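Participant: So that you have it, the file is model-v6.cif, and it contains mmCIF, C-alpha atoms:
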```cif
data_my_file
loop_
_atom_site.group_PDB
_atom_site.id
_atom_site.type_symbol
_atom_site.label_atom_id
_atom_site.label_comp_id
_atom_site.auth_asym_id
_atom_site.auth_seq_id
_atom_site.Cartn_x
_atom_site.Cartn_y
_atom_site.Cartn_z
ATOM 1 C CA MET A 1 -31.592 2.732 -34.120
ATOM 2 C CA GLN A 2 -32.507 -0.870 -33.319
ATOM 3 C CA GLN A 3 -30.447 -2.343 -36.182
ATOM 4 C CA ARG A 4 -27.261 -0.684 -34.945
ATOM 5 C CA LYS A 5 -27.758 -2.276 -31.528
ATOM 6 C CA THR A 6 -28.048 -5.719 -33.137
ATOM 7 C CA PHE A 7 -24.423 -5.620 -34.274
ATOM 8 C CA GLU A 8 -23.206 -4.001 -31.061
ATOM 9 C CA ARG A 9 -24.217 -7.122 -29.176
ATOM 10 C CA TRP A 10 -21.101 -8.698 -30.681
ATOM 11 C CA MET A 11 -18.719 -6.272 -28.967
ATOM 12 C CA PRO A 12 -18.452 -8.368 -25.769
ATOM 13 C CA ASP A 13 -17.798 -11.426 -27.958
ATOM 14 C CA LEU A 14 -15.083 -9.559 -29.855
ATOM 15 C CA GLN A 15 -13.519 -8.548 -26.553
ATOM 16 C CA ASP A 16 -13.548 -12.190 -25.433
ATOM 17 C CA LEU A 17 -12.134 -13.261 -28.797
ATOM 18 C CA SER A 18 -9.299 -10.729 -28.589
ATOM 19 C CA LEU A 19 -8.366 -11.815 -25.051
ATOM 20 C CA CYS A 20 -8.454 -15.487 -26.059
ATOM 21 C CA PHE A 21 -6.346 -14.684 -29.134
ATOM 22 C CA TYR A 22 -3.844 -12.857 -26.941
ATOM 23 C CA LYS A 23 -3.612 -15.670 -24.387
ATOM 24 C CA GLU A 24 -3.423 -18.509 -26.919
ATOM 25 C CA LYS A 25 -1.538 -17.077 -29.900
ATOM 26 C CA ILE A 26 0.611 -14.191 -28.619
ATOM 27 C CA ASN A 27 3.798 -14.113 -26.564
ATOM 28 C CA SER A 28 2.838 -11.758 -23.724
ATOM 29 C CA ARG A 29 6.487 -10.839 -23.102
ATOM 30 C CA ALA A 30 6.772 -9.554 -26.670
ATOM 31 C CA VAL A 31 3.321 -7.982 -27.134
ATOM 32 C CA VAL A 32 1.044 -5.915 -24.875
ATOM 33 C CA TYR A 33 -2.759 -6.189 -25.035
ATOM 34 C CA HIS A 34 -4.793 -2.959 -24.809
ATOM 35 C CA LYS A 35 -8.390 -3.847 -23.962
ATOM 36 C CA SER A 36 -9.053 -0.148 -23.335
ATOM 37 C CA ASN A 37 -8.784 0.476 -27.098
ATOM 38 C CA PHE A 38 -12.230 -1.071 -27.558
ATOM 39 C CA LYS A 39 -13.738 2.331 -26.780
ATOM 40 C CA ALA A 40 -11.840 3.817 -29.723
ATOM 41 C CA VAL A 41 -12.870 0.850 -31.913
ATOM 42 C CA ASP A 42 -16.510 1.488 -31.018
ATOM 43 C CA ALA A 43 -16.199 5.235 -31.729
ATOM 44 C CA PHE A 44 -14.489 4.542 -35.069
ATOM 45 C CA TYR A 45 -17.249 2.099 -36.008
ATOM 46 C CA GLU A 46 -20.051 4.522 -35.088
ATOM 47 C CA TYR A 47 -18.475 7.425 -36.969
ATOM 48 C CA ASN A 48 -17.707 5.435 -40.115
ATOM 49 C CA LEU A 49 -21.061 3.685 -40.110
ATOM 50 C CA ASP A 50 -22.699 7.116 -40.236
ATOM 51 C CA VAL A 51 -20.329 8.281 -42.990
ATOM 52 C CA VAL A 52 -21.055 5.207 -45.123
ATOM 53 C CA LYS A 53 -24.812 5.540 -44.581
ATOM 54 C CA ASN A 54 -24.671 9.196 -45.630
ATOM 55 C CA GLU A 55 -22.688 8.273 -48.750
ATOM 56 C CA MET A 56 -24.989 5.421 -49.720
ATOM 57 C CA TYR A 57 -28.431 6.830 -49.057
ATOM 58 C CA PRO A 58 -30.090 10.094 -50.154
ATOM 59 C CA PRO A 59 -30.844 12.799 -47.572
ATOM 60 C CA CYS A 60 -34.572 11.947 -47.559
ATOM 61 C CA VAL A 61 -33.883 8.504 -46.007
ATOM 62 C CA VAL A 62 -34.049 8.305 -42.213
ATOM 63 C CA LYS A 63 -30.551 7.008 -41.469
ATOM 64 C CA ASP A 64 -31.420 5.579 -38.038
ATOM 65 C CA ASP A 65 -33.764 3.093 -39.713
ATOM 66 C CA ILE A 66 -31.171 1.569 -42.068
ATOM 67 C CA LEU A 67 -27.948 -0.363 -41.849
ATOM 68 C CA PRO A 68 -25.450 -1.024 -44.647
ATOM 69 C CA ASP A 69 -24.953 -4.660 -45.605
ATOM 70 C CA ARG A 70 -23.002 -6.902 -43.268
ATOM 71 C CA HIS A 71 -19.948 -6.945 -45.533
ATOM 72 C CA LYS A 72 -19.507 -3.193 -45.065
ATOM 73 C CA ILE A 73 -20.068 -3.577 -41.338
ATOM 74 C CA ALA A 74 -17.344 -6.233 -41.137
ATOM 75 C CA ALA A 75 -15.030 -4.029 -43.206
ATOM 76 C CA ILE A 76 -15.612 -1.080 -40.875
ATOM 77 C CA TYR A 77 -14.776 -3.235 -37.874
ATOM 78 C CA ILE A 78 -11.600 -4.558 -39.506
ATOM 79 C CA LEU A 79 -10.462 -0.998 -40.159
ATOM 80 C CA ALA A 80 -11.424 -0.011 -36.630
ATOM 81 C CA PHE A 81 -9.137 -2.703 -35.231
ATOM 82 C CA LEU A 82 -6.323 -1.850 -37.649
ATOM 83 C CA LYS A 83 -6.486 1.833 -36.701
ATOM 84 C CA ASN A 84 -6.967 1.288 -32.955
ATOM 85 C CA LYS A 85 -4.405 -1.382 -32.301
ATOM 86 C CA LEU A 86 -5.175 -3.825 -29.518
ATOM 87 C CA PHE A 87 -1.633 -5.202 -29.621
ATOM 88 C CA THR A 88 1.654 -3.268 -29.403
ATOM 89 C CA ASP A 89 5.310 -4.026 -28.659
ATOM 90 C CA GLY A 90 5.965 -5.298 -25.161
ATOM 91 C CA ASP A 91 9.023 -5.340 -22.945
ATOM 92 C CA ASN A 92 10.921 -7.822 -25.058
ATOM 93 C CA PRO A 93 10.055 -7.363 -28.757
ATOM 94 C CA ARG A 94 13.066 -9.511 -29.756
ATOM 95 C CA LEU A 95 10.999 -12.542 -28.747
ATOM 96 C CA LYS A 96 8.391 -11.878 -31.444
ATOM 97 C CA ASN A 97 7.398 -14.547 -33.906
ATOM 98 C CA CYS A 98 5.444 -13.882 -37.121
ATOM 99 C CA VAL A 99 2.050 -13.808 -35.391
ATOM 100 C CA ASP A 100 3.393 -11.450 -32.722
ATOM 101 C CA MET A 101 4.791 -9.078 -35.358
ATOM 102 C CA LEU A 102 1.447 -8.913 -37.149
ATOM 103 C CA ALA A 103 -0.804 -9.465 -34.143
ATOM 104 C CA ASN A 104 -3.386 -6.853 -35.145
ATOM 105 C CA GLU A 105 -3.563 -8.151 -38.707
ATOM 106 C CA TYR A 106 -3.851 -11.781 -37.564
ATOM 107 C CA PHE A 107 -6.565 -10.787 -35.101
ATOM 108 C CA CYS A 108 -8.523 -9.097 -37.912
ATOM 109 C CA LEU A 109 -8.307 -12.296 -39.961
ATOM 110 C CA VAL A 110 -9.518 -14.410 -37.030
ATOM 111 C CA MET A 111 -12.287 -11.896 -36.301
ATOM 112 C CA LEU A 112 -13.426 -11.921 -39.938
ATOM 113 C CA LYS A 113 -13.735 -15.709 -39.922
ATOM 114 C CA VAL A 114 -15.653 -15.698 -36.646
ATOM 115 C CA ILE A 115 -18.043 -12.993 -37.862
ATOM 116 C CA LEU A 116 -18.772 -14.776 -41.149
ATOM 117 C CA GLU A 117 -19.401 -18.056 -39.348
ATOM 118 C CA ALA A 118 -21.562 -16.395 -36.669
ATOM 119 C CA TRP A 119 -23.788 -14.747 -39.281
ATOM 120 C CA GLN A 120 -24.557 -18.126 -40.770
ATOM 121 C CA GLU A 121 -25.071 -19.662 -37.342
ATOM 122 C CA SER A 122 -27.619 -16.956 -36.517
ATOM 123 C CA ASP A 123 -29.470 -18.092 -39.664
ATOM 124 C CA GLY A 124 -29.408 -21.704 -38.424
ATOM 125 C CA ALA A 125 -26.529 -23.026 -40.549
ATOM 126 C CA MET A 126 -23.263 -24.444 -39.269
ATOM 127 C CA CYS A 127 -20.467 -23.105 -41.463
ATOM 128 C CA GLU A 128 -16.726 -22.734 -41.433
ATOM 129 C CA VAL A 129 -14.437 -20.413 -43.381
ATOM 130 C CA ARG A 130 -11.882 -22.546 -45.222
ATOM 131 C CA MET A 131 -9.571 -20.212 -47.064
ATOM 132 C CA PRO A 132 -6.419 -21.469 -48.724
ATOM 133 C CA GLU A 133 -3.332 -20.473 -46.742
ATOM 134 C CA GLU A 134 -2.077 -18.427 -49.699
ATOM 135 C CA TYR A 135 -5.233 -16.315 -49.643
ATOM 136 C CA GLU A 136 -4.967 -15.808 -45.886
ATOM 137 C CA GLN A 137 -1.393 -14.629 -46.394
ATOM 138 C CA CYS A 138 -2.574 -12.198 -49.072
ATOM 139 C CA LEU A 139 -5.195 -10.804 -46.697
ATOM 140 C CA LEU A 140 -2.600 -10.350 -43.961
ATOM 141 C CA LYS A 141 -0.366 -8.512 -46.424
ATOM 142 C CA LEU A 142 -3.292 -6.334 -47.492
ATOM 143 C CA PHE A 143 -4.085 -5.437 -43.872
ATOM 144 C CA TYR A 144 -0.424 -4.671 -43.188
ATOM 145 C CA LYS A 145 -0.023 -2.672 -46.408
ATOM 146 C CA TYR A 146 -3.072 -0.609 -45.473
ATOM 147 C CA THR A 147 -1.537 0.318 -42.100
ATOM 148 C CA LYS A 148 1.549 1.593 -43.957
ATOM 149 C CA SER A 149 -0.307 3.415 -46.760
ATOM 150 C CA SER A 150 -1.211 7.075 -47.028
ATOM 151 C CA LEU A 151 -4.912 6.092 -46.780
ATOM 152 C CA TYR A 152 -4.329 4.962 -43.198
ATOM 153 C CA SER A 153 -4.243 8.508 -41.832
ATOM 154 C CA THR A 154 -7.181 9.802 -43.900
ATOM 155 C CA LYS A 155 -10.926 9.647 -43.370
ATOM 156 C CA ASP A 156 -11.458 8.291 -46.889
ATOM 157 C CA THR A 157 -13.968 5.429 -47.091
ATOM 158 C CA THR A 158 -12.624 3.877 -50.306
ATOM 159 C CA PHE A 159 -10.890 1.053 -48.449
ATOM 160 C CA ILE A 160 -14.119 0.224 -46.576
ATOM 161 C CA TYR A 161 -15.934 -0.395 -49.867
ATOM 162 C CA ALA A 162 -13.018 -2.356 -51.359
ATOM 163 C CA LEU A 163 -12.657 -4.485 -48.238
ATOM 164 C CA ALA A 164 -16.424 -5.087 -48.136
ATOM 165 C CA ASN A 165 -16.155 -6.627 -51.609
ATOM 166 C CA ILE A 166 -13.337 -8.879 -50.398
ATOM 167 C CA VAL A 167 -15.463 -9.941 -47.405
ATOM 168 C CA TYR A 168 -18.312 -10.773 -49.802
ATOM 169 C CA PHE A 169 -15.906 -12.801 -51.973
ATOM 170 C CA ILE A 170 -14.643 -14.743 -48.953
ATOM 171 C CA GLU A 171 -18.183 -15.490 -47.831
ATOM 172 C CA LYS A 172 -19.219 -16.714 -51.290
ATOM 173 C CA CYS A 173 -16.086 -18.717 -52.072
ATOM 174 C CA TYR A 174 -14.715 -20.007 -48.772
ATOM 175 C CA LEU A 175 -17.628 -20.327 -46.365
ATOM 176 C CA VAL A 176 -18.412 -24.035 -46.282
ATOM 177 C CA ASP A 177 -21.733 -25.374 -45.015
ATOM 178 C CA LEU A 178 -20.682 -28.149 -42.617
ATOM 179 C CA ASN A 179 -24.017 -29.941 -43.046
ATOM 180 C CA MET A 180 -23.489 -30.169 -46.809
ATOM 181 C CA SER A 181 -19.865 -31.353 -46.628
ATOM 182 C CA ILE A 182 -20.694 -34.629 -44.842
#
```
I need this file expressed as structure tokens, please.

Facilitator:
Amino acid sequence: MQQRKTFERWMPDLQDLSLCFYKEKINSRAVVYHKSNFKAVDAFYEYNLDVVKNEMYPPCVVKDDILPDRHKIAAIYILAFLKNKLFTDGDNPRLKNCVDMLANEYFCLVMLKVILEAWQESDGAMCEVRMPEEYEQCLLKLFYKYTKSSLYSTKDTTFIYALANIVYFIEKCYLVDLNMSI
């Protein structure tokens, strides 16, 4: 059970990140912020973490003592935020810009970068995710496409595994060690 609590310590940071994202990047007249949806995000994460652990490990393994790799954890959180939207249309949706229209998807991209960088920081390295803009746009499209797909309303874990591979790719290809780039 201890390993699960290690990742949960980030929930307050993700709440702070989402509020900062809302205040700095979103037009509050066009989009409403739902901090209360963090409870649903947490429940989604817990449920899907258990599902993934049961799929990955045989019945003889004590599931409370294990945790899937961090790429799957990040993927589960991205899906949790896509399914439990923190941002919805406000009083004046005509005022929306591109970021406002895809606020949940943009937040997931920001969150992914922060998580990848924080993992490295916890290991003592200072890193930054430097993805080409084209790749960021592809990720945003993927997140949006997922919310419109038939998989969105299912409990299928296929997208978790696919997204975990994308997270791994981003970490390997676009996470730059700031100490090495001097």

Participant: Could you work out how far atom CA of Lys35 of chain A lies from atom CA of Cys20 of chain A, giving the answer in Å with one decimal?

Facilitator: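 Interatomic distance here is 11.8 Å.
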
Participant: Between atom CA of Tyr45 of chain A and atom CA of Ile26 of chain A, what distance in Å does the model show, to one decimal?

Facilitator: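 Interatomic distance, atom CA of Tyr45 of chain A to atom CA of Ile26 of chain A: 25.3 Å.
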
Participant: Enter the distance from atom CA of Phe87 of chain A to atom CA of Ala164 of chain A, in Å, rounded to one decimal.

Facilitator: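 For atom CA of Phe87 of chain A relative to atom CA of Ala164 of chain A, the distance reads 23.7 Å.
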
Participant: Considering only C-alpha atoms, state which residue in the set A:Val52, A:Ala30, A:Ala125, A:Met131 is at the smallest distance from Leu95 of chain A.

Facilitator: A:Ala30

Participant: Skip Leu86 of chain A itself and residues of its chain fewer than 2 positions away, then list as a PyMOL selection string all residues within 8 Å of it, counting all atoms listed in the file.

Facilitator: chain A and resi 33-35+37-38+81+84+88+104

Participant: Any chance you could work out the residue set of the PyMOL selection byres ((chain A and resi 76-78) around 7) here, as a list of chain:residue names?

Facilitator: A:Tyr45, A:Asn48, A:Lys72, A:Ile73, A:Ala74, A:Ala75, A:Leu79, A:Ala80, A:Phe81, A:Leu82, A:Cys108, A:Ile160

Participant: Where does the PyMOL selection byres ((chain A and resi 99) around 12) land in this file, that is, which residues does it pick, as a PDB file with C-alpha atoms, in the coordinates of the input?

Facilitator:
```
ATOM      1  CA  PHE A  21      -6.346 -14.684 -29.134  1.00  0.00           C
ATOM      2  CA  TYR A  22      -3.844 -12.857 -26.941  1.00  0.00           C
ATOM      3  CA  GLU A  24      -3.423 -18.509 -26.919  1.00  0.00           C
ATOM      4  CA  LYS A  25      -1.538 -17.077 -29.900  1.00  0.00           C
ATOM      5  CA  ILE A  26       0.611 -14.191 -28.619  1.00  0.00           C
ATOM      6  CA  ASN A  27       3.798 -14.113 -26.564  1.00  0.00           C
ATOM      7  CA  SER A  28       2.838 -11.758 -23.724  1.00  0.00           C
ATOM      8  CA  ALA A  30       6.772  -9.554 -26.670  1.00  0.00           C
ATOM      9  CA  VAL A  31       3.321  -7.982 -27.134  1.00  0.00           C
ATOM     10  CA  PHE A  87      -1.633  -5.202 -29.621  1.00  0.00           C
ATOM     11  CA  LEU A  95      10.999 -12.542 -28.747  1.00  0.00           C
ATOM     12  CA  LYS A  96       8.391 -11.878 -31.444  1.00  0.00           C
ATOM     13  CA  ASN A  97       7.398 -14.547 -33.906  1.00  0.00           C
ATOM     14  CA  CYS A  98       5.444 -13.882 -37.121  1.00  0.00           C
ATOM     15  CA  ASP A 100       3.393 -11.450 -32.722  1.00  0.00           C
ATOM     16  CA  MET A 101       4.791  -9.078 -35.358  1.00  0.00           C
ATOM     17  CA  LEU A 102       1.447  -8.913 -37.149  1.00  0.00           C
ATOM     18  CA  ALA A 103      -0.804  -9.465 -34.143  1.00  0.00           C
ATOM     19  CA  ASN A 104      -3.386  -6.853 -35.145  1.00  0.00           C
ATOM     20  CA  GLU A 105      -3.563  -8.151 -38.707  1.00  0.00           C
ATOM     21  CA  TYR A 106      -3.851 -11.781 -37.564  1.00  0.00           C
ATOM     22  CA  PHE A 107      -6.565 -10.787 -35.101  1.00  0.00           C
ATOM     23  CA  CYS A 108      -8.523  -9.097 -37.912  1.00  0.00           C
ATOM     24  CA  LEU A 109      -8.307 -12.296 -39.961  1.00  0.00           C
ATOM     25  CA  VAL A 110      -9.518 -14.410 -37.030  1.00  0.00           C
ATOM     26  CA  GLN A 137      -1.393 -14.629 -46.394  1.00  0.00           C
ATOM     27  CA  LEU A 140      -2.600 -10.350 -43.961  1.00  0.00           C
TER      28      LEU A 140
END
```

Participant: Could you add N, CA and C atoms to segment 27-52 of chain A and give me the result as a PDB file, in the coordinates of the input?

Facilitator:
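Result saved to rebuild-v7.pdb:
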```pdb
ATOM      1  N   ASN A  27       2.812 -14.074 -27.635  1.00  0.00           N
ATOM      2  CA  ASN A  27       3.798 -14.113 -26.564  1.00  0.00           C
ATOM      3  C   ASN A  27       3.643 -12.826 -25.747  1.00  0.00           C
ATOM      4  N   SER A  28       3.140 -12.937 -24.545  1.00  0.00           N
ATOM      5  CA  SER A  28       2.838 -11.758 -23.724  1.00  0.00           C
ATOM      6  C   SER A  28       4.084 -10.985 -23.293  1.00  0.00           C
ATOM      7  N   ARG A  29       5.254 -11.584 -23.413  1.00  0.00           N
ATOM      8  CA  ARG A  29       6.487 -10.839 -23.102  1.00  0.00           C
ATOM      9  C   ARG A  29       6.903  -9.971 -24.289  1.00  0.00           C
ATOM     10  N   ALA A  30       6.406 -10.298 -25.465  1.00  0.00           N
ATOM     11  CA  ALA A  30       6.772  -9.554 -26.670  1.00  0.00           C
ATOM     12  C   ALA A  30       5.704  -8.561 -27.103  1.00  0.00           C
ATOM     13  N   VAL A  31       4.453  -8.794 -26.677  1.00  0.00           N
ATOM     14  CA  VAL A  31       3.321  -7.982 -27.134  1.00  0.00           C
ATOM     15  C   VAL A  31       2.435  -7.627 -25.943  1.00  0.00           C
ATOM     16  N   VAL A  32       1.946  -6.396 -25.928  1.00  0.00           N
ATOM     17  CA  VAL A  32       1.044  -5.915 -24.875  1.00  0.00           C
ATOM     18  C   VAL A  32      -0.374  -5.819 -25.453  1.00  0.00           C
ATOM     19  N   TYR A  33      -1.336  -6.230 -24.655  1.00  0.00           N
ATOM     20  CA  TYR A  33      -2.759  -6.189 -25.035  1.00  0.00           C
ATOM     21  C   TYR A  33      -3.402  -4.950 -24.425  1.00  0.00           C
ATOM     22  N   HIS A  34      -4.145  -4.204 -25.249  1.00  0.00           N
ATOM     23  CA  HIS A  34      -4.793  -2.959 -24.809  1.00  0.00           C
ATOM     24  C   HIS A  34      -6.312  -3.080 -24.937  1.00  0.00           C
ATOM     25  N   LYS A  35      -6.934  -3.691 -23.949  1.00  0.00           N
ATOM     26  CA  LYS A  35      -8.390  -3.847 -23.962  1.00  0.00           C
ATOM     27  C   LYS A  35      -9.086  -2.489 -23.972  1.00  0.00           C
ATOM     28  N   SER A  36      -8.449  -1.481 -23.401  1.00  0.00           N
ATOM     29  CA  SER A  36      -9.053  -0.148 -23.335  1.00  0.00           C
ATOM     30  C   SER A  36      -9.272   0.465 -24.724  1.00  0.00           C
ATOM     31  N   ASN A  37      -8.614  -0.056 -25.746  1.00  0.00           N
ATOM     32  CA  ASN A  37      -8.784   0.476 -27.098  1.00  0.00           C
ATOM     33  C   ASN A  37     -10.141   0.116 -27.712  1.00  0.00           C
ATOM     34  N   PHE A  38     -10.898  -0.731 -27.039  1.00  0.00           N
ATOM     35  CA  PHE A  38     -12.230  -1.071 -27.558  1.00  0.00           C
ATOM     36  C   PHE A  38     -13.146   0.147 -27.602  1.00  0.00           C
ATOM     37  N   LYS A  39     -12.937   1.098 -26.729  1.00  0.00           N
ATOM     38  CA  LYS A  39     -13.738   2.331 -26.780  1.00  0.00           C
ATOM     39  C   LYS A  39     -13.464   3.082 -28.073  1.00  0.00           C
ATOM     40  N   ALA A  40     -12.202   3.149 -28.474  1.00  0.00           N
ATOM     41  CA  ALA A  40     -11.840   3.817 -29.723  1.00  0.00           C
ATOM     42  C   ALA A  40     -12.358   3.023 -30.934  1.00  0.00           C
ATOM     43  N   VAL A  41     -12.324   1.696 -30.843  1.00  0.00           N
ATOM     44  CA  VAL A  41     -12.870   0.850 -31.913  1.00  0.00           C
ATOM     45  C   VAL A  41     -14.353   1.154 -32.087  1.00  0.00           C
ATOM     46  N   ASP A  42     -15.074   1.208 -30.984  1.00  0.00           N
ATOM     47  CA  ASP A  42     -16.510   1.488 -31.018  1.00  0.00           C
ATOM     48  C   ASP A  42     -16.783   2.866 -31.613  1.00  0.00           C
ATOM     49  N   ALA A  43     -16.022   3.868 -31.209  1.00  0.00           N
ATOM     50  CA  ALA A  43     -16.199   5.235 -31.729  1.00  0.00           C
ATOM     51  C   ALA A  43     -15.899   5.280 -33.225  1.00  0.00           C
ATOM     52  N   PHE A  44     -14.840   4.597 -33.646  1.00  0.00           N
ATOM     53  CA  PHE A  44     -14.489   4.542 -35.069  1.00  0.00           C
ATOM     54  C   PHE A  44     -15.631   3.899 -35.858  1.00  0.00           C
ATOM     55  N   TYR A  45     -16.148   2.791 -35.339  1.00  0.00           N
ATOM     56  CA  TYR A  45     -17.249   2.099 -36.008  1.00  0.00           C
ATOM     57  C   TYR A  45     -18.457   3.019 -36.143  1.00  0.00           C
ATOM     58  N   GLU A  46     -18.872   3.648 -35.065  1.00  0.00           N
ATOM     59  CA  GLU A  46     -20.051   4.522 -35.088  1.00  0.00           C
ATOM     60  C   GLU A  46     -19.876   5.646 -36.102  1.00  0.00           C
ATOM     61  N   TYR A  47     -18.727   6.303 -36.073  1.00  0.00           N
ATOM     62  CA  TYR A  47     -18.475   7.425 -36.969  1.00  0.00           C
ATOM     63  C   TYR A  47     -18.514   6.963 -38.425  1.00  0.00           C
ATOM     64  N   ASN A  48     -17.790   5.893 -38.731  1.00  0.00           N
ATOM     65  CA  ASN A  48     -17.707   5.435 -40.115  1.00  0.00           C
ATOM     66  C   ASN A  48     -18.989   4.792 -40.609  1.00  0.00           C
ATOM     67  N   LEU A  49     -19.748   4.196 -39.727  1.00  0.00           N
ATOM     68  CA  LEU A  49     -21.061   3.685 -40.110  1.00  0.00           C
ATOM     69  C   LEU A  49     -21.937   4.837 -40.581  1.00  0.00           C
ATOM     70  N   ASP A  50     -21.919   5.936 -39.841  1.00  0.00           N
ATOM     71  CA  ASP A  50     -22.699   7.116 -40.236  1.00  0.00           C
ATOM     72  C   ASP A  50     -22.208   7.699 -41.560  1.00  0.00           C
ATOM     73  N   VAL A  51     -20.894   7.757 -41.741  1.00  0.00           N
ATOM     74  CA  VAL A  51     -20.329   8.281 -42.990  1.00  0.00           C
ATOM     75  C   VAL A  51     -20.778   7.420 -44.168  1.00  0.00           C
ATOM     76  N   VAL A  52     -20.671   6.113 -44.037  1.00  0.00           N
ATOM     77  CA  VAL A  52     -21.055   5.207 -45.123  1.00  0.00           C
ATOM     78  C   VAL A  52     -22.548   5.329 -45.410  1.00  0.00           C
TER      79      VAL A  52
END
```
